[in-house]
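Reviewing the structure listed below.
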Amino acid sequence: MNHGDGVIEVSELRRRYGRPGDDKGFDAVRDVSFTVRRGELFALLGTNGAGKTSTVELLEGLARPTAGRVRVLGHDPHGERSLVRPRIGVMLQEGGFPSDLTAAETVRMWAGCTTGARPVAEALGLVGLTGRRDVRIKQLSGGERRRLDLALALLGRPEVLFLDEPTTGLDPEARHTTWELVRRLREEGTTVLLTTHYLEEAEALADRLAIMREGRIVSSGTPGEVIGAYPARIRFAMPAGWFVGDLPPLKDLGVLRHEEAGGRVELQTSELQRTLTGLLLWAREKDVELEGLDARTASLEEAFLAIAGAAGTPAPLAVTGRSE
């Protein structure tokens with residue numbers, strides 16, 4: 001997999017709804033810049049209204065930016081749509097299928113509008129709908145329709161794949177099957193831009209990600225970089241007759257802050273191994289047991305809530321990693 005080429009390039013992108021000079025207009029995207037390299041999976045995250053969909057629509061060529069520059073595969077996706085559209089696949093949040101067509105008929109109809117389309121059986125097989133090929137759209141479950149959406153997005157063997165909430169409505173098994181398909185596509189060289197509200201999904205799939213808030217990117221980097229900016233946590237119950245003050249000096253253990261309630265202690269640290277080692281050595285020396293001991297790094301969910309959930313306040317985390 002070669003990550004050297006910028007397949008999606010976004011520079012100082014802006015999108016404003018409303019007429020120029022209209023005080024009632026709204027800036028949905030504000031000076032957004034990033035690059036997605038060839039064969040990479042890039043996740044764009046944010047709460048509802050953060051600007052994700054408005055950004056992705058500009059990348060897909062569905063609208064012209066108010067300001068800034070977008071290039072997909074070296075071309076303007078709006079102004080040079082005929083050069084870009086045959087080489088990308090788009091899975092929208094919702095598809096609009098004729099309800100009386102079967103799954104196979106829908107794929108066949110779409111294939112008639114697609115250059116170099118996969119065979120119908122292959123497209124349905126990719127998303128596990130072979131056994132549902134003769135079922136009418138109105139009789140498919142919501143999850144099956146999402147899988148059909150994905151089949152159509154993959155029909156033209158795209159070089160760049162836009163996935164907008166691809167696993168919404170899928171059961172856990174179907175979600176993980178879709179993840180494996182996306183991983184396989186990426187390994188084969190497909191560049192993927194993903195939006196999702198499932199943070200586990202972003203953490204499992206993304207090479208890099210960006211978190212948007214109020215139309216801006218407020219944090220970006222690899223999942224590890226974004227998560228690593230937040231402290232790890234160690235939780236346990238103090239042994240009977242022992243108190244937090246009996247522990248080694250918390251500062252010496254690398255503890256940033258601590259909380260105690262109902263006999264339970266939580267230590268927050270940016271040096272999990274150092275803190276945990278010191279704690280366990282103390283427990284062995286004192287021949288005591290730390291009941292309910294639980295140590296873990298911060299999760300993407302914790303980082304996301306801290307970054308994206310603080311609307312109207314300064315971002316608690318500066319952009320990390322590459323700012324492309």
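Residue numbering restarts at 1 for every chain of the structure tokens, chains are lettered A, B, ... in their displayed order, and ligands are numbered from 1 as they appear.
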Margin query: I need the helix (DSSP H, G or I) residues of range 65-246 of chain A per DSSP on the backbone, written as a ChimeraX atom specification.
Written below: /A:81-87,103-111,120-126,130-132,137-139,142-153,172-187,199-205,223-228,244-246
Listing only residues of range 158-210 of chain A within 7 Å of range 22-42 of chain A, what is the closest atom pair and its distance in Å (to one decimal) for each, using only C-alpha atoms, sorted by chain and residue number ascending, as JSON lines?
```
{"residue": "A:Arg186", "atom": "CA", "partner": "A:Gly39", "partner_atom": "CA", "distance": 5.6}
{"residue": "A:Gly189", "atom": "CA", "partner": "A:Gly39", "partner_atom": "CA", "distance": 4.5}
{"residue": "A:Thr190", "atom": "CA", "partner": "A:Gly39", "partner_atom": "CA", "distance": 5.1}
{"residue": "A:Thr191", "atom": "CA", "partner": "A:Gly39", "partner_atom": "CA", "distance": 4.4}
{"residue": "A:Val192", "atom": "CA", "partner": "A:Leu41", "partner_atom": "CA", "distance": 4.6}
{"residue": "A:Leu193", "atom": "CA", "partner": "A:Phe42", "partner_atom": "CA", "distance": 4.9}
{"residue": "A:Leu194", "atom": "CA", "partner": "A:Phe42", "partner_atom": "CA", "distance": 6.1}
{"residue": "A:Ala206", "atom": "CA", "partner": "A:Leu41", "partner_atom": "CA", "distance": 5.1}
{"residue": "A:Asp207", "atom": "CA", "partner": "A:Leu41", "partner_atom": "CA", "distance": 5.4}
{"residue": "A:Arg208", "atom": "CA", "partner": "A:Phe42", "partner_atom": "CA", "distance": 5.2}
{"residue": "A:Leu209", "atom": "CA", "partner": "A:Phe42", "partner_atom": "CA", "distance": 5.3}
```
Residues of the last selection are to be written out with all heavy atoms, as a short mmCIF file (atom, residue, chain, number, x, y, z; two decimals), in the first residue's frame.
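Written out: result.cif:
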```cif
data_model
loop_
_atom_site.label_atom_id
_atom_site.label_comp_id
_atom_site.auth_asym_id
_atom_site.auth_seq_id
_atom_site.Cartn_x
_atom_site.Cartn_y
_atom_site.Cartn_z
N ARG A 186 -9.24 -1.57 1.12
CA ARG A 186 -8.09 -0.70 1.39
C ARG A 186 -6.78 -1.42 1.07
O ARG A 186 -5.87 -0.82 0.48
CB ARG A 186 -8.12 -0.28 2.86
CG ARG A 186 -7.01 0.69 3.25
CD ARG A 186 -7.04 0.97 4.73
NE ARG A 186 -6.92 -0.25 5.52
CZ ARG A 186 -6.99 -0.31 6.83
NH1 ARG A 186 -7.22 0.78 7.53
NH2 ARG A 186 -6.85 -1.46 7.47
N GLY A 189 -5.81 -1.23 -2.38
CA GLY A 189 -5.42 0.07 -2.89
C GLY A 189 -6.50 1.11 -2.98
O GLY A 189 -6.25 2.24 -3.39
N THR A 190 -7.73 0.77 -2.59
CA THR A 190 -8.81 1.75 -2.61
C THR A 190 -8.61 2.77 -1.50
O THR A 190 -8.32 2.41 -0.36
CB THR A 190 -10.18 1.06 -2.43
OG1 THR A 190 -10.35 0.08 -3.44
CG2 THR A 190 -11.31 2.08 -2.52
N THR A 191 -8.76 4.03 -1.83
CA THR A 191 -8.70 5.10 -0.85
C THR A 191 -10.11 5.32 -0.31
O THR A 191 -11.07 5.43 -1.08
CB THR A 191 -8.17 6.39 -1.48
OG1 THR A 191 -6.89 6.14 -2.06
CG2 THR A 191 -8.06 7.51 -0.45
N VAL A 192 -10.26 5.38 1.01
CA VAL A 192 -11.58 5.44 1.62
C VAL A 192 -11.68 6.67 2.52
O VAL A 192 -10.80 6.90 3.37
CB VAL A 192 -11.89 4.18 2.44
CG1 VAL A 192 -13.29 4.25 3.04
CG2 VAL A 192 -11.73 2.92 1.58
N LEU A 193 -12.74 7.44 2.34
CA LEU A 193 -13.08 8.50 3.28
C LEU A 193 -14.38 8.11 3.96
O LEU A 193 -15.39 7.88 3.29
CB LEU A 193 -13.21 9.86 2.61
CG LEU A 193 -13.32 11.02 3.62
CD1 LEU A 193 -12.51 12.23 3.17
CD2 LEU A 193 -14.78 11.43 3.86
N LEU A 194 -14.34 8.01 5.27
CA LEU A 194 -15.44 7.46 6.06
C LEU A 194 -15.97 8.50 7.03
O LEU A 194 -15.20 9.19 7.70
CB LEU A 194 -14.92 6.25 6.85
CG LEU A 194 -15.77 5.69 7.99
CD1 LEU A 194 -16.93 4.88 7.43
CD2 LEU A 194 -14.92 4.82 8.92
N ALA A 206 -9.59 3.26 10.83
CA ALA A 206 -8.94 4.45 10.27
C ALA A 206 -7.42 4.41 10.42
O ALA A 206 -6.89 4.06 11.47
CB ALA A 206 -9.48 5.71 10.94
N ASP A 207 -6.73 4.79 9.34
CA ASP A 207 -5.29 5.06 9.43
C ASP A 207 -5.08 6.42 10.10
O ASP A 207 -4.20 6.58 10.93
CB ASP A 207 -4.66 5.08 8.04
CG ASP A 207 -4.77 3.74 7.34
OD1 ASP A 207 -4.25 2.75 7.88
OD2 ASP A 207 -5.39 3.67 6.26
N ARG A 208 -5.88 7.38 9.71
CA ARG A 208 -5.88 8.71 10.33
C ARG A 208 -7.32 9.19 10.42
O ARG A 208 -8.20 8.68 9.72
CB ARG A 208 -5.05 9.71 9.52
CG ARG A 208 -3.54 9.46 9.57
CD ARG A 208 -2.77 10.57 8.88
NE ARG A 208 -3.18 10.73 7.51
CZ ARG A 208 -3.57 11.88 6.96
NH1 ARG A 208 -3.64 12.98 7.71
NH2 ARG A 208 -3.90 11.96 5.70
N LEU A 209 -7.53 10.19 11.26
CA LEU A 209 -8.88 10.73 11.41
C LEU A 209 -8.79 12.21 11.73
O LEU A 209 -7.74 12.74 12.14
CB LEU A 209 -9.65 9.97 12.49
CG LEU A 209 -9.08 9.92 13.91
CD1 LEU A 209 -9.47 11.16 14.72
CD2 LEU A 209 -9.57 8.67 14.63
#
```
Within 8 Å of range 293-303 of chain A, counting only C-alpha atoms, which residues show up once you throw out same-chain ones fewer than 2 positions away? Write them as a list in words, please. Leu199, Glu200, Glu203, Pro223, Val226, Ile227, Gly228, Tyr230, Pro231, Ala232, Arg233, Ile234, Arg235, Phe236, Ala237, Leu272, Leu276, Leu290, Glu291, Leu305, Ala306 and Ile307 of chain A
Practice task
Extract the full set of strand (DSSP E or B) residues from range 93-275 of chain A according to DSSP on the backbone, and format it as a ChimeraX atom specification.
Solution key: /A:102,136,160-164,191-195,208-213,216-221,232-237,255-261,264-269
Could those residues be written to a file, using N, CA and C atoms, as a CSV table (one decimal), in the first residue's frame?
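Contents of result.csv, as written:
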```csv
chain,number,residue,atom,x,y,z
A,102,THR,N,-36.4,-5.7,-7.4
A,102,THR,CA,-35.7,-6.6,-6.6
A,102,THR,C,-34.3,-6.1,-6.4
A,136,ARG,N,-37.8,-8.0,-3.2
A,136,ARG,CA,-38.1,-6.6,-3.6
A,136,ARG,C,-37.6,-5.7,-2.5
A,160,VAL,N,-11.5,5.7,-5.3
A,160,VAL,CA,-11.8,6.4,-4.1
A,160,VAL,C,-13.2,6.1,-3.7
A,161,LEU,N,-13.4,5.8,-2.4
A,161,LEU,CA,-14.7,5.4,-2.0
A,161,LEU,C,-15.1,6.3,-0.8
A,162,PHE,N,-16.3,6.9,-0.9
A,162,PHE,CA,-16.9,7.8,0.1
A,162,PHE,C,-18.0,7.0,0.8
A,163,LEU,N,-17.8,6.8,2.1
A,163,LEU,CA,-18.8,6.0,2.9
A,163,LEU,C,-19.3,6.9,4.0
A,164,ASP,N,-20.6,7.3,3.8
A,164,ASP,CA,-21.3,8.2,4.8
A,164,ASP,C,-22.2,7.3,5.7
A,191,THR,N,-8.8,4.0,-1.8
A,191,THR,CA,-8.7,5.1,-0.8
A,191,THR,C,-10.1,5.3,-0.3
A,192,VAL,N,-10.3,5.4,1.0
A,192,VAL,CA,-11.6,5.4,1.6
A,192,VAL,C,-11.7,6.7,2.5
A,193,LEU,N,-12.7,7.4,2.3
A,193,LEU,CA,-13.1,8.5,3.3
A,193,LEU,C,-14.4,8.1,4.0
A,194,LEU,N,-14.3,8.0,5.3
A,194,LEU,CA,-15.4,7.5,6.1
A,194,LEU,C,-16.0,8.5,7.0
A,195,THR,N,-17.3,8.6,7.1
A,195,THR,CA,-17.9,9.3,8.2
A,195,THR,C,-18.7,8.3,9.0
A,208,ARG,N,-5.9,7.4,9.7
A,208,ARG,CA,-5.9,8.7,10.3
A,208,ARG,C,-7.3,9.2,10.4
A,209,LEU,N,-7.5,10.2,11.3
A,209,LEU,CA,-8.9,10.7,11.4
A,209,LEU,C,-8.8,12.2,11.7
A,210,ALA,N,-9.9,12.9,11.5
A,210,ALA,CA,-10.0,14.3,11.9
A,210,ALA,C,-11.4,14.5,12.6
A,211,ILE,N,-11.4,15.3,13.7
A,211,ILE,CA,-12.6,15.5,14.4
A,211,ILE,C,-13.0,17.0,14.2
A,212,MET,N,-14.3,17.1,13.7
A,212,MET,CA,-14.8,18.5,13.4
A,212,MET,C,-15.7,19.0,14.5
A,213,ARG,N,-15.7,20.3,14.7
A,213,ARG,CA,-16.6,20.9,15.6
A,213,ARG,C,-16.9,22.3,15.1
A,216,ARG,N,-15.1,23.4,11.9
A,216,ARG,CA,-13.6,23.4,11.8
A,216,ARG,C,-13.1,22.0,12.2
A,217,ILE,N,-11.9,21.7,11.8
A,217,ILE,CA,-11.1,20.5,12.3
A,217,ILE,C,-10.4,21.0,13.5
A,218,VAL,N,-10.7,20.3,14.7
A,218,VAL,CA,-10.1,20.7,15.9
A,218,VAL,C,-9.1,19.7,16.4
A,219,SER,N,-9.0,18.6,15.8
A,219,SER,CA,-8.0,17.6,16.2
A,219,SER,C,-7.8,16.6,15.0
A,220,SER,N,-6.6,16.2,14.7
A,220,SER,CA,-6.4,15.2,13.7
A,220,SER,C,-5.1,14.4,14.0
A,221,GLY,N,-5.0,13.3,13.3
A,221,GLY,CA,-3.8,12.4,13.5
A,221,GLY,C,-4.2,11.0,13.4
A,232,ALA,N,-4.5,8.1,30.7
A,232,ALA,CA,-5.0,6.7,31.0
A,232,ALA,C,-5.6,6.7,32.4
A,233,ARG,N,-6.3,5.7,32.7
A,233,ARG,CA,-7.0,5.6,34.0
A,233,ARG,C,-6.7,4.3,34.7
A,234,ILE,N,-6.4,4.4,36.0
A,234,ILE,CA,-6.3,3.2,36.8
A,234,ILE,C,-7.3,3.3,37.9
A,235,ARG,N,-8.1,2.3,38.1
A,235,ARG,CA,-9.2,2.2,39.1
A,235,ARG,C,-9.0,1.0,40.0
A,236,PHE,N,-9.2,1.2,41.3
A,236,PHE,CA,-9.1,0.1,42.3
A,236,PHE,C,-9.7,0.5,43.6
A,237,ALA,N,-9.9,-0.5,44.5
A,237,ALA,CA,-10.4,-0.2,45.8
A,237,ALA,C,-9.2,-0.3,46.8
A,255,VAL,N,1.3,10.4,38.4
A,255,VAL,CA,-0.2,10.6,38.4
A,255,VAL,C,-0.4,12.1,38.2
A,256,LEU,N,-1.3,12.4,37.3
A,256,LEU,CA,-1.7,13.8,37.0
A,256,LEU,C,-2.8,14.3,37.9
A,257,ARG,N,-3.7,13.5,38.2
A,257,ARG,CA,-4.8,13.8,39.2
A,257,ARG,C,-5.4,12.5,39.7
A,258,HIS,N,-6.1,12.7,40.8
A,258,HIS,CA,-6.8,11.5,41.4
A,258,HIS,C,-8.1,11.9,42.0
A,259,GLU,N,-9.0,10.9,42.1
A,259,GLU,CA,-10.3,11.0,42.7
A,259,GLU,C,-10.5,9.8,43.6
A,260,GLU,N,-11.2,10.1,44.7
A,260,GLU,CA,-11.6,9.0,45.6
A,260,GLU,C,-13.0,9.2,46.1
A,261,ALA,N,-13.8,8.1,46.0
A,261,ALA,CA,-15.2,8.1,46.4
A,261,ALA,C,-15.6,6.7,46.8
A,264,ARG,N,-13.3,3.7,46.5
A,264,ARG,CA,-12.7,3.5,45.2
A,264,ARG,C,-11.8,4.7,44.8
A,265,VAL,N,-10.7,4.3,44.1
A,265,VAL,CA,-9.7,5.3,43.8
A,265,VAL,C,-9.6,5.3,42.2
A,266,GLU,N,-9.5,6.5,41.7
A,266,GLU,CA,-9.1,6.6,40.2
A,266,GLU,C,-7.9,7.5,40.1
A,267,LEU,N,-6.9,7.0,39.4
A,267,LEU,CA,-5.7,7.7,39.1
A,267,LEU,C,-5.6,8.0,37.6
A,268,GLN,N,-5.3,9.2,37.2
A,268,GLN,CA,-5.2,9.6,35.8
A,268,GLN,C,-3.7,9.8,35.6
A,269,THR,N,-3.2,9.2,34.5
A,269,THR,CA,-1.8,9.3,34.2
A,269,THR,C,-1.5,9.4,32.7
```
* What lies within 10 Å of Leu181 in chain A using only C-alpha atoms, ignoring chain neighbours under 6 positions off, as a count of residues only? -> 4
Report as a ChimeraX atom specification all protein, DNA and RNA residues lying within 9 Å of Gly79 in chain A, evaluated on only C-alpha atoms, omitting residues in the same chain fewer than 4 positions from it. /A:61,64,75
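Using only C-alpha atoms, the residues found no farther than 12 Å from Thr177 in chain A, other than those of its own chain fewer than 2 positions away, are Leu126, Val127, Gly128, Arg147, Pro166, Thr167, Leu170, Asp171, Pro172, Glu173, Ala174, Arg175, Trp179, Glu180, Leu181, Val182, Arg183, Arg184 and Glu201 of chain A.
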